[in-house]
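Everything below concerns the one structure shown next.
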Amino acid sequence: MSEKLVIIGNGMAPGRMLEHLLEAAPDRYAVTIFNAEPRVNYDRIMLSPVLSGEKEFEEIVIHGDGWYIKHGITLYKGHRIVAIDREAKTVTSDHGVTESYDRLVIATGSVPFIIPVPGKDLPGVLTYRDLDDVNAMLFAAQSRAKAIVIGGGLLGLEAAAGLKERGMDVTVLHVMPTLMERQLDPAAGYLLQKAVEARGIKVMTKANTKAIVGNGKVEGVELMDGTIIPATLVVMAVGIRPNSALAKDAGLEVNRGIVVDDRMQTSDPAIMALGECAEVGGHVYGLVAPLYEMARVAAAGLSDGEDNRFVHSDTPTKLKVTGIDLYSLGDFADGDDREEIILRDASAGIYKRVVLQDNRIIGTVLFGETADGAWFNDLKKKATDISEMRDTLIFGQAFQGGASSDPLAAVAALAGDAEICGCNGVCKGKITGAIKSKGLTGLDDVRAHTKASASCGSCTGLVEQLLKLTLGEAYNPAAVQPMCGCTSLGHDDVRRLIKAKGLKTIPAVMQELEWQTSCGCAKCRPALNYYLVCDWPDQYVDDYQSRFINERVHANIQKDGTYSVVPRMWGGVTSAGELRAIADVVDKFRIPTVKVTGGQRIDMLGIRKEDLPAVWADLGKAGFVSGHAYAKGLRTVKTCVGSDWCRFGTQDSTGLGIRIEKFMWGSWTPAKVKMAVSGCPRNCAEATCKDVGVVCVDSGYEIHFAGAAGLDIKGTEVLGLVKTEDEALEVIVALVQMYREQARYLERIYKWAKRVGTAEIRRQILDDVEKRRAYFDRFVFSQKFAQVDPWSERVSGKDKHEFRPMASVGFAEAAE
């Protein structure tokens with residue numbers, strides 16, 4: 001029988017511990033988790049990008065509901081443990097749930113420190129620790145009023161930057177003379193203050209808070225010198241303390257945190273503790289790298305694996321504010337037994353300081369240029385004697401031994417055990433080994449297989465350099481190539497900044513992102529138009545002049561200057577009435593060629609441009625809407641007759657195909673999307689070479705994706721099997737929405753899937769039910785605000801298949 005493992009807390013540390021434990025001993029424990037927050041596990045260090053608008057909450061979820069279900073883990077959301085009975089070996093939640101345990105892990109994290117000043121309990125005073133705090137700040141930011149952040153440390157500055165991005169007037173109050181004084185020396189603190197103020201954030205140092213003032217709600221902050229600063233929101237970000245009260249009440253040894261040994265064992269042999277609540281070797285930790293190391297050690301102990309022990313090491317500090325490069329490591333205090341080497345470049349805003357003791361690095365501060373952080377960290381960790389490189393040390397790794405300043409040369413010179421990703425403890429050798437052995441070709445591949453760059457992202461540049469170093473010319477990611485000659489930004493950066501800066505028009509994008517041309521070009525304007533349509537469906541008005549001619553006139557230009565028109569036939573099904581209407585149009589306009597397409601529709605070729613409005617008018621009278629045979633959108637859903645007629649059919653493939661097409665037609669996508677539904681594994685509809693395909697089987701619907709049958713030939717990947725038609729529709733819609741939100745313009749699904757990784761797509765769409773529903777809901781939401789094809793009202797939609805008019809503009813409207 002499995003042992004009972006109970007975990008109190010569901011943060012990043014216990015989540016990583018479970019990953020290690022499930023890999024080492026997947027069947028040993030029946031796992032139950034009590035989480036005080038009413039949600040799944042997420043990446044807390046990425047809350048700042050959520051606050052600033054650079055990411056959505058769904059993007060920072062680590063383990064969705066499907067992950068817990070898959071591994072048979074019981075998760076109690078919104079259950080705070082109020083008592084541990086060590087004698088009975090039980091825990092009890094505030095909802096009255098009592099659970100017994102054989103082994104218990106306490107991971108209660110930390111609590112924010114609240115300055116004990118008058119007014120601290122007024123409405124409008126918030127802390128910054130979890131998603132609830134972020135949501136409260138986002139709600140307050142809608143007022144566009146004044147905010148005060150008390151605390152100029154990491155969290156305080158990240159909160160200030162996020163609130164500023166949300167449109168608030170922000171002031172940072174810091175009691176010390178310089179910002180981040182625990183991580184930076186005064187010189188770097190001065191440069192950081194200048195960088196923060198350059199963003200429009202006011203900074204007041206030596207500002208000691210006397211009281212928070214207001215009548216029934218926050219109205220301002222009073223300083224010790226009598227100054228009163230108006231505000232409607234006050235965020236306290238002055239520090240954290242281990243959340244050890246529960247352990248103390250249970251009689252465990254507690255000092256600053258829950259005291260554990262180097263195996264994460266508390267004073268009770270049945271109980272472990274890890275994360276921000278734990279104290280090991282006299283240290284408590286708030287950065288993610290040591291917490292993940294605790295997780296690895298704890299998992300080894302629970303699985304009776306290797307005798308792993310926690311060893312203290314300094315962890316670099318990095319600020320998660322876009323555009324501010326900062327790196328701090330170790331001890332950089334002054335002392336008679338220490339020397340320092342300093343480089344300053346005032347015009348470039350660069351400051352570098354290395355502190356030495358006995359010719360060994362003990363501390364590093366870098367501002368403005370941080371690429372050598374990993375190298376300095378490696379030298380410090382190994383206690384390398386730097387005597388022979390002393391004269392060139394401050395210039396970085398690339399200048400050692402007469403080397404050039406080529407960053408690839410610097411990365412190549414790093415030892416295999418040099419740490420690249422501090423958050424996840426990933427060294428150079430693990431990354432390059434995975435690239436070679438697993439055939440990884442991009443950043444997302446590396447993130448999926450090694451977790452390097454998957455947390456705070458500050459090591460992304462180093463990981464990309466390792467990809468370039470390992471793959472050579474084979475590594476040429478579009479993400480680092482400009483969209484076009486009008487900008488130096490790649491597609492990914494443009495998409496991110498559109499959201500982060502709240503840019504909602506093409507002129508706003510070009511102005512704020514410093515476009516190098518006045519109006520863009522034929523490459524960037526269609527891409528920007530698509531990104532804005534996708535990101536702001538309820539606010540942005542589709543700019544048809546930024547679309548290709550084929551999309552503007554709902555017809556496909558041919559080599560002789562005439563056009564072809566393809567009316568939509570749902571799932572390839574037609575009727576005598578529709579065929580007569582097409583025949584009448586062919587006769588009336590003397591259309592020379594009529595052809596059945598590979599997508600089970602009828603193409604009329606050789607139509608003059610001036611006849612297009614009249615052709616569409618006649619087709620519209622018969623109930624036809626655009627087939628989008630030319631569009632960056634859903635084109636066709638090819639079907640076989642399925643169980644309605646075929647003796648081999650297992651499901652109603654025709655019905656499902658029509659349902660999918662009517663639900664999704666007209667939704668613009670980064671590139672063309674073709675689908676198919678086959679009624680049985682004989683696959684007559686050729687579902688296994690489409691962008692999205694369904695193969696019906698006796699037990700349900702097998703969802704395929706990422707196929708290609710054009711310039712590239714590629715079979716599909718199997719996403720998974722679902723049991724019902726409703727579930728199949730939800731999965732397909734969510735998959736396409738994920739593609740819509742993440743792909744680069746003109747990037748087909750199979751290329752996007754290769755870049756992101758099939759495992760990651762499967763995790764988000766199949767394993768994580770909440771995330772899938774969120775994608776689905778966003779797709780439906782976007783369609784509410786889409787322009788409706790003027791002919792859609794003439795489509796009956798009264799059959800058994802759900803019909804919803806979707807985004808599409810008729811020719812006459814486009815021509816205007």
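By convention here, the chains of the structure tokens are called A, B, ... in the order presented, each chain's residues are numbered starting at 1, and ligands are numbered starting at 1 in the order presented.
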Which residues, written as a compact mmCIF listing (two decimals) with all heavy atoms, in the first residue's frame, have at least one atom at most 6 Å from stretch 354-369 of chain A, with only C-alpha atoms counted and residues fewer than 6 positions away on the same chain left out?
# COMPACT_ATOMS: atom_id res chain seq x y z
N ASP A 325 19.03 46.37 -16.84
CA ASP A 325 19.93 45.23 -16.70
C ASP A 325 20.73 45.39 -15.41
O ASP A 325 21.53 46.33 -15.27
CB ASP A 325 20.87 45.14 -17.90
CG ASP A 325 20.12 44.84 -19.19
OD1 ASP A 325 19.17 44.04 -19.14
OD2 ASP A 325 20.46 45.44 -20.22
N LEU A 326 20.55 44.46 -14.51
CA LEU A 326 21.17 44.55 -13.19
C LEU A 326 21.55 43.14 -12.73
O LEU A 326 20.77 42.20 -12.90
CB LEU A 326 20.17 45.19 -12.22
CG LEU A 326 20.54 45.38 -10.76
CD1 LEU A 326 19.69 46.52 -10.19
CD2 LEU A 326 20.29 44.12 -9.94
N TYR A 327 22.73 43.03 -12.16
CA TYR A 327 23.21 41.72 -11.68
C TYR A 327 24.04 41.96 -10.42
O TYR A 327 24.94 42.82 -10.41
CB TYR A 327 24.06 41.04 -12.75
CG TYR A 327 24.57 39.67 -12.40
CD1 TYR A 327 23.90 38.53 -12.85
CD2 TYR A 327 25.72 39.49 -11.65
CE1 TYR A 327 24.37 37.26 -12.56
CE2 TYR A 327 26.20 38.22 -11.34
CZ TYR A 327 25.52 37.11 -11.80
OH TYR A 327 25.99 35.85 -11.51
N SER A 328 23.73 41.22 -9.37
CA SER A 328 24.45 41.38 -8.12
C SER A 328 24.68 40.01 -7.50
O SER A 328 23.79 39.16 -7.50
CB SER A 328 23.63 42.26 -7.16
OG SER A 328 24.15 42.20 -5.86
N LEU A 329 25.89 39.80 -6.97
CA LEU A 329 26.23 38.49 -6.42
C LEU A 329 27.26 38.65 -5.32
O LEU A 329 28.27 39.35 -5.49
CB LEU A 329 26.80 37.59 -7.51
CG LEU A 329 27.36 36.23 -7.06
CD1 LEU A 329 26.23 35.31 -6.62
CD2 LEU A 329 28.16 35.58 -8.18
N GLY A 330 27.02 37.98 -4.19
CA GLY A 330 28.04 37.85 -3.18
C GLY A 330 28.19 39.05 -2.25
O GLY A 330 27.27 39.84 -2.05
N ASP A 331 29.39 39.19 -1.72
CA ASP A 331 29.71 40.19 -0.69
C ASP A 331 30.51 41.31 -1.35
O ASP A 331 31.61 41.10 -1.84
CB ASP A 331 30.52 39.51 0.41
CG ASP A 331 30.85 40.44 1.55
OD1 ASP A 331 30.47 41.63 1.49
OD2 ASP A 331 31.51 39.99 2.51
N PHE A 332 29.94 42.52 -1.34
CA PHE A 332 30.66 43.64 -1.95
C PHE A 332 30.83 44.80 -0.97
O PHE A 332 31.02 45.95 -1.37
CB PHE A 332 29.94 44.13 -3.21
CG PHE A 332 28.45 44.22 -3.07
CD1 PHE A 332 27.87 45.32 -2.50
CD2 PHE A 332 27.66 43.18 -3.50
CE1 PHE A 332 26.50 45.40 -2.35
CE2 PHE A 332 26.28 43.25 -3.35
CZ PHE A 332 25.69 44.36 -2.78
N ARG A 338 40.19 43.68 1.45
CA ARG A 338 39.57 43.51 0.15
C ARG A 338 40.08 44.55 -0.84
O ARG A 338 40.50 45.64 -0.47
CB ARG A 338 38.04 43.63 0.26
CG ARG A 338 37.48 42.60 1.22
CD ARG A 338 36.00 42.78 1.43
NE ARG A 338 35.48 41.76 2.35
CZ ARG A 338 34.20 41.55 2.57
NH1 ARG A 338 33.28 42.28 1.96
NH2 ARG A 338 33.82 40.60 3.40
N GLU A 339 40.02 44.17 -2.10
CA GLU A 339 40.35 45.07 -3.19
C GLU A 339 39.17 45.11 -4.16
O GLU A 339 38.32 44.21 -4.15
CB GLU A 339 41.59 44.58 -3.93
CG GLU A 339 42.83 44.42 -3.06
CD GLU A 339 43.95 43.77 -3.83
OE1 GLU A 339 44.70 44.50 -4.50
OE2 GLU A 339 44.05 42.53 -3.79
N GLU A 340 39.13 46.13 -4.97
CA GLU A 340 38.05 46.23 -5.93
C GLU A 340 38.58 46.70 -7.28
O GLU A 340 39.57 47.42 -7.36
CB GLU A 340 36.97 47.18 -5.44
CG GLU A 340 37.42 48.61 -5.26
CD GLU A 340 36.31 49.52 -4.76
OE1 GLU A 340 35.27 49.00 -4.32
OE2 GLU A 340 36.48 50.76 -4.80
N ILE A 341 37.93 46.23 -8.32
CA ILE A 341 38.20 46.67 -9.69
C ILE A 341 36.90 47.24 -10.23
O ILE A 341 35.85 46.60 -10.14
CB ILE A 341 38.68 45.51 -10.58
CG1 ILE A 341 39.91 44.83 -9.96
CG2 ILE A 341 39.00 46.02 -11.99
CD1 ILE A 341 40.36 43.60 -10.71
N LYS A 380 33.68 32.87 -8.97
CA LYS A 380 33.48 32.97 -7.52
C LYS A 380 33.20 31.60 -6.91
O LYS A 380 33.78 31.22 -5.89
CB LYS A 380 32.32 33.92 -7.21
CG LYS A 380 31.98 34.01 -5.74
CD LYS A 380 30.77 34.88 -5.52
CE LYS A 380 30.42 34.91 -4.03
NZ LYS A 380 30.09 33.58 -3.49
N ALA A 383 36.21 29.61 -6.67
CA ALA A 383 37.32 30.29 -5.97
C ALA A 383 38.57 30.34 -6.83
O ALA A 383 39.69 30.06 -6.38
CB ALA A 383 37.60 29.60 -4.63
N THR A 384 38.38 30.70 -8.09
CA THR A 384 39.48 30.74 -9.05
C THR A 384 40.45 31.87 -8.73
O THR A 384 40.02 33.01 -8.48
CB THR A 384 38.93 30.93 -10.48
OG1 THR A 384 38.02 29.86 -10.77
CG2 THR A 384 40.04 30.95 -11.51
N ASP A 385 41.73 31.58 -8.76
CA ASP A 385 42.76 32.62 -8.60
C ASP A 385 42.82 33.44 -9.89
O ASP A 385 43.11 32.92 -10.96
CB ASP A 385 44.12 31.97 -8.33
CG ASP A 385 45.18 32.98 -7.93
OD1 ASP A 385 45.16 34.11 -8.48
OD2 ASP A 385 46.03 32.65 -7.09
N ILE A 386 42.54 34.74 -9.80
CA ILE A 386 42.43 35.57 -11.00
C ILE A 386 43.71 36.39 -11.24
O ILE A 386 43.70 37.32 -12.06
CB ILE A 386 41.21 36.51 -10.90
CG1 ILE A 386 41.22 37.36 -9.62
CG2 ILE A 386 39.94 35.69 -10.94
CD1 ILE A 386 41.98 38.63 -9.71
N SER A 387 44.80 36.04 -10.57
CA SER A 387 46.03 36.84 -10.66
C SER A 387 46.45 37.09 -12.10
O SER A 387 46.79 38.22 -12.49
CB SER A 387 47.16 36.15 -9.90
OG SER A 387 46.80 35.96 -8.54
Subject >> Selection: 9 Å around A:Ala160, only C-alpha atoms, excl. self and same-chain fewer than 4 positions, as a PyMOL selection string >> reply: chain A and resi 147-149+155-156+164-165+170-172+201+235
Subject >> Atom-to-atom span, atom CA of A:Trp668 and atom CA of A:His554, Å >> reply: 13.4 Å
Original post:
So which residues touch A:Leu634 within 7 Å, counting only C-alpha atoms, skipping near sequence neighbours fewer than 3 positions away, as a ChimeraX atom specification?
Top reply: /A:665-667,672-674
Subject >> Residue with smallest distance to A:Asn683 - pool A:Phe648, A:Phe395, A:Tyr68, A:Tyr531, counting only C-alpha atoms >> reply: A:Phe648
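Shortest atom-to-atom contact with A:Ala500 among A:Gly167, A:Gly96, A:Gly693, A:Gly151: A:Gly167, counting only C-alpha atoms.
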Subject >> Within 9 Å of A:Arg773 using only C-alpha atoms, minus same-chain residues under 4 positions, as a VMD selection string >> reply: chain A and resid 730 to 731 734 765 768 to 769 777 to 778
For the selection you just gave me, I'd like the residues written to a file as a compact mmCIF listing (two decimals), in the first residue's frame, keeping N, CA and C atoms.
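Result file again26.txt:
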# COMPACT_ATOMS: atom_id res chain seq x y z
N GLU A 730 -14.04 21.76 -27.93
CA GLU A 730 -13.35 22.63 -26.97
C GLU A 730 -11.84 22.54 -27.13
N VAL A 731 -11.32 21.32 -27.28
CA VAL A 731 -9.88 21.12 -27.44
C VAL A 731 -9.38 21.80 -28.72
N ALA A 734 -9.48 25.64 -28.38
CA ALA A 734 -8.42 26.09 -27.48
C ALA A 734 -7.05 25.99 -28.14
N ILE A 765 -3.13 22.26 -23.29
CA ILE A 765 -4.45 22.03 -23.89
C ILE A 765 -5.14 20.79 -23.33
N ASP A 768 -4.09 20.63 -18.69
CA ASP A 768 -4.52 21.75 -17.86
C ASP A 768 -5.91 22.19 -18.29
N VAL A 769 -6.92 21.68 -17.61
CA VAL A 769 -8.30 21.97 -18.01
C VAL A 769 -8.62 23.45 -17.87
N ASP A 777 -12.52 30.31 -23.93
CA ASP A 777 -13.33 31.49 -23.62
C ASP A 777 -12.80 32.73 -24.33
N ARG A 778 -11.49 32.84 -24.46
CA ARG A 778 -10.94 34.02 -25.15
C ARG A 778 -11.28 33.98 -26.64
Subject >> DSSP strand (DSSP E) selection over stretch 323-474 of chain A, as a ChimeraX atom specification >> reply: /A:326-330,339-345,350-357,360-367,419-421,426-427
Subject >> Which of stretch 197-437 of chain A fall in alpha helix (DSSP H), as a PyMOL selection string >> reply: chain A and resi 197+245-249+288-302+373-381+407-413+428-437
Original post:
Hey, what's within 9 Å of stretch 434-441 of chain A if we count only C-alpha atoms and toss same-chain stuff fewer than 2 positions away? As a PyMOL selection string, please?
Top reply: chain A and resi 429-432+443-446+449-450+467+470-471+474-475+477+754-755
Subject >> Computed interatomic separation between atom CA of A:Gly642 and atom CA of A:Ile703 (Å) >> reply: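 Computing the Euclidean distance for atom CA of A:Gly642 and atom CA of A:Ile703 yields 16.1 Å.
Of the residues listed (A:Glu181, A:Ala211, A:Trp375, A:Asp262), A:Ala211 shows the shortest atom-to-atom separation from A:Pro116; distances use only C-alpha atoms.
The nearest approach to A:Ile69 among the residues A:Leu192, A:Val31, A:Leu343, A:Ala198, with only C-alpha atoms taken into account, belongs to A:Val31.
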**OP:** Could you give me, as a ChimeraX atom specification, the residues within 7 Å of stretch 255-258 of chain A, counting only C-alpha atoms and dropping anything in the same chain fewer than 5 positions from it?
**Re:** /A:242,244,247,273,277-279,284
Only C-alpha atoms, please: the residues just picked out, written as an mmCIF file, in the first residue's frame.
data_model
loop_
_atom_site.group_PDB
_atom_site.id
_atom_site.type_symbol
_atom_site.label_atom_id
_atom_site.label_comp_id
_atom_site.auth_asym_id
_atom_site.auth_seq_id
_atom_site.Cartn_x
_atom_site.Cartn_y
_atom_site.Cartn_z
ATOM 1 C CA PRO A 242 9.122 32.931 7.103
ATOM 2 C CA SER A 244 6.466 29.405 10.569
ATOM 3 C CA ALA A 247 5.063 24.683 12.797
ATOM 4 C CA ALA A 273 10.076 21.663 5.581
ATOM 5 C CA CYS A 277 9.449 29.002 5.597
ATOM 6 C CA ALA A 278 12.549 26.864 6.249
ATOM 7 C CA GLU A 279 15.797 27.808 7.940
ATOM 8 C CA VAL A 284 16.449 31.651 5.204
#
Original post:
Which polymer residues have any atom within 12 Å of an atom of A:Ala136, counting only C-alpha atoms, with same-chain residues fewer than 4 positions away left out, as an NGL selection string?
Top reply: :A and (51 or 123-132 or 140-142 or 163 or 233-235)
Deliver the residues from the most recent selection as a file, using N, CA and C atoms, as a PDB file, in the first residue's frame.
ATOM      1  N   LEU A  51       1.560  41.741 -13.614  1.00  0.00           N
ATOM      2  CA  LEU A  51       1.142  43.072 -13.163  1.00  0.00           C
ATOM      3  C   LEU A  51       1.360  44.114 -14.253  1.00  0.00           C
ATOM      4  N   PRO A 123      -8.506  50.500   3.871  1.00  0.00           N
ATOM      5  CA  PRO A 123      -8.735  49.998   2.507  1.00  0.00           C
ATOM      6  C   PRO A 123      -7.856  50.746   1.518  1.00  0.00           C
ATOM      7  N   GLY A 124      -7.216  49.979   0.628  1.00  0.00           N
ATOM      8  CA  GLY A 124      -6.281  50.585  -0.322  1.00  0.00           C
ATOM      9  C   GLY A 124      -4.836  50.358   0.034  1.00  0.00           C
ATOM     10  N   VAL A 125      -4.588  49.713   1.199  1.00  0.00           N
ATOM     11  CA  VAL A 125      -3.222  49.327   1.563  1.00  0.00           C
ATOM     12  C   VAL A 125      -3.050  47.849   1.214  1.00  0.00           C
ATOM     13  N   LEU A 126      -2.103  47.559   0.345  1.00  0.00           N
ATOM     14  CA  LEU A 126      -1.904  46.195  -0.132  1.00  0.00           C
ATOM     15  C   LEU A 126      -0.471  45.748   0.090  1.00  0.00           C
ATOM     16  N   THR A 127      -0.289  44.437   0.074  1.00  0.00           N
ATOM     17  CA  THR A 127       1.057  43.861   0.013  1.00  0.00           C
ATOM     18  C   THR A 127       1.244  43.261  -1.379  1.00  0.00           C
ATOM     19  N   TYR A 128       2.414  42.668  -1.610  1.00  0.00           N
ATOM     20  CA  TYR A 128       2.713  42.135  -2.942  1.00  0.00           C
ATOM     21  C   TYR A 128       3.369  40.774  -2.781  1.00  0.00           C
ATOM     22  N   ARG A 129       2.514  39.727  -2.678  1.00  0.00           N
ATOM     23  CA  ARG A 129       3.064  38.388  -2.507  1.00  0.00           C
ATOM     24  C   ARG A 129       2.448  37.354  -3.438  1.00  0.00           C
ATOM     25  N   ASP A 130       1.149  37.516  -3.781  1.00  0.00           N
ATOM     26  CA  ASP A 130       0.507  36.462  -4.554  1.00  0.00           C
ATOM     27  C   ASP A 130      -0.426  37.049  -5.606  1.00  0.00           C
ATOM     28  N   LEU A 131      -1.119  36.174  -6.304  1.00  0.00           N
ATOM     29  CA  LEU A 131      -1.985  36.621  -7.400  1.00  0.00           C
ATOM     30  C   LEU A 131      -3.126  37.490  -6.907  1.00  0.00           C
ATOM     31  N   ASP A 132      -3.633  37.216  -5.704  1.00  0.00           N
ATOM     32  CA  ASP A 132      -4.705  38.057  -5.168  1.00  0.00           C
ATOM     33  C   ASP A 132      -4.232  39.498  -5.012  1.00  0.00           C
ATOM     34  N   ALA A 140      -7.176  48.443  -8.705  1.00  0.00           N
ATOM     35  CA  ALA A 140      -6.906  49.815  -8.276  1.00  0.00           C
ATOM     36  C   ALA A 140      -6.324  50.649  -9.407  1.00  0.00           C
ATOM     37  N   ALA A 141      -5.532  50.004 -10.281  1.00  0.00           N
ATOM     38  CA  ALA A 141      -4.871  50.732 -11.364  1.00  0.00           C
ATOM     39  C   ALA A 141      -5.854  51.243 -12.408  1.00  0.00           C
ATOM     40  N   GLN A 142      -7.065  50.696 -12.428  1.00  0.00           N
ATOM     41  CA  GLN A 142      -8.057  51.167 -13.394  1.00  0.00           C
ATOM     42  C   GLN A 142      -8.408  52.628 -13.171  1.00  0.00           C
ATOM     43  N   LEU A 163       2.772  48.989 -11.980  1.00  0.00           N
ATOM     44  CA  LEU A 163       1.695  49.966 -11.816  1.00  0.00           C
ATOM     45  C   LEU A 163       1.865  51.139 -12.778  1.00  0.00           C
ATOM     46  N   LEU A 233      -3.670  54.394  -3.535  1.00  0.00           N
ATOM     47  CA  LEU A 233      -3.197  53.020  -3.372  1.00  0.00           C
ATOM     48  C   LEU A 233      -1.820  53.059  -2.732  1.00  0.00           C
ATOM     49  N   VAL A 234      -1.623  52.239  -1.710  1.00  0.00           N
ATOM     50  CA  VAL A 234      -0.323  52.097  -1.065  1.00  0.00           C
ATOM     51  C   VAL A 234       0.052  50.620  -1.082  1.00  0.00           C
ATOM     52  N   VAL A 235       1.214  50.323  -1.625  1.00  0.00           N
ATOM     53  CA  VAL A 235       1.715  48.946  -1.672  1.00  0.00           C
ATOM     54  C   VAL A 235       2.912  48.841  -0.733  1.00  0.00           C
TER      55      VAL A 235
END
Original post:
How many Å lie between atom CA of A:Lys70 and atom CA of A:Ser455, rounded to one decimal?
Top reply: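 Distance between the two atoms: 23.3 Å.
In terms of minimum interatomic distance to A:Ile660, A:Asp726 ranks closest within A:Glu686, A:Asp726, A:Glu551, A:Glu610, counting only C-alpha atoms.
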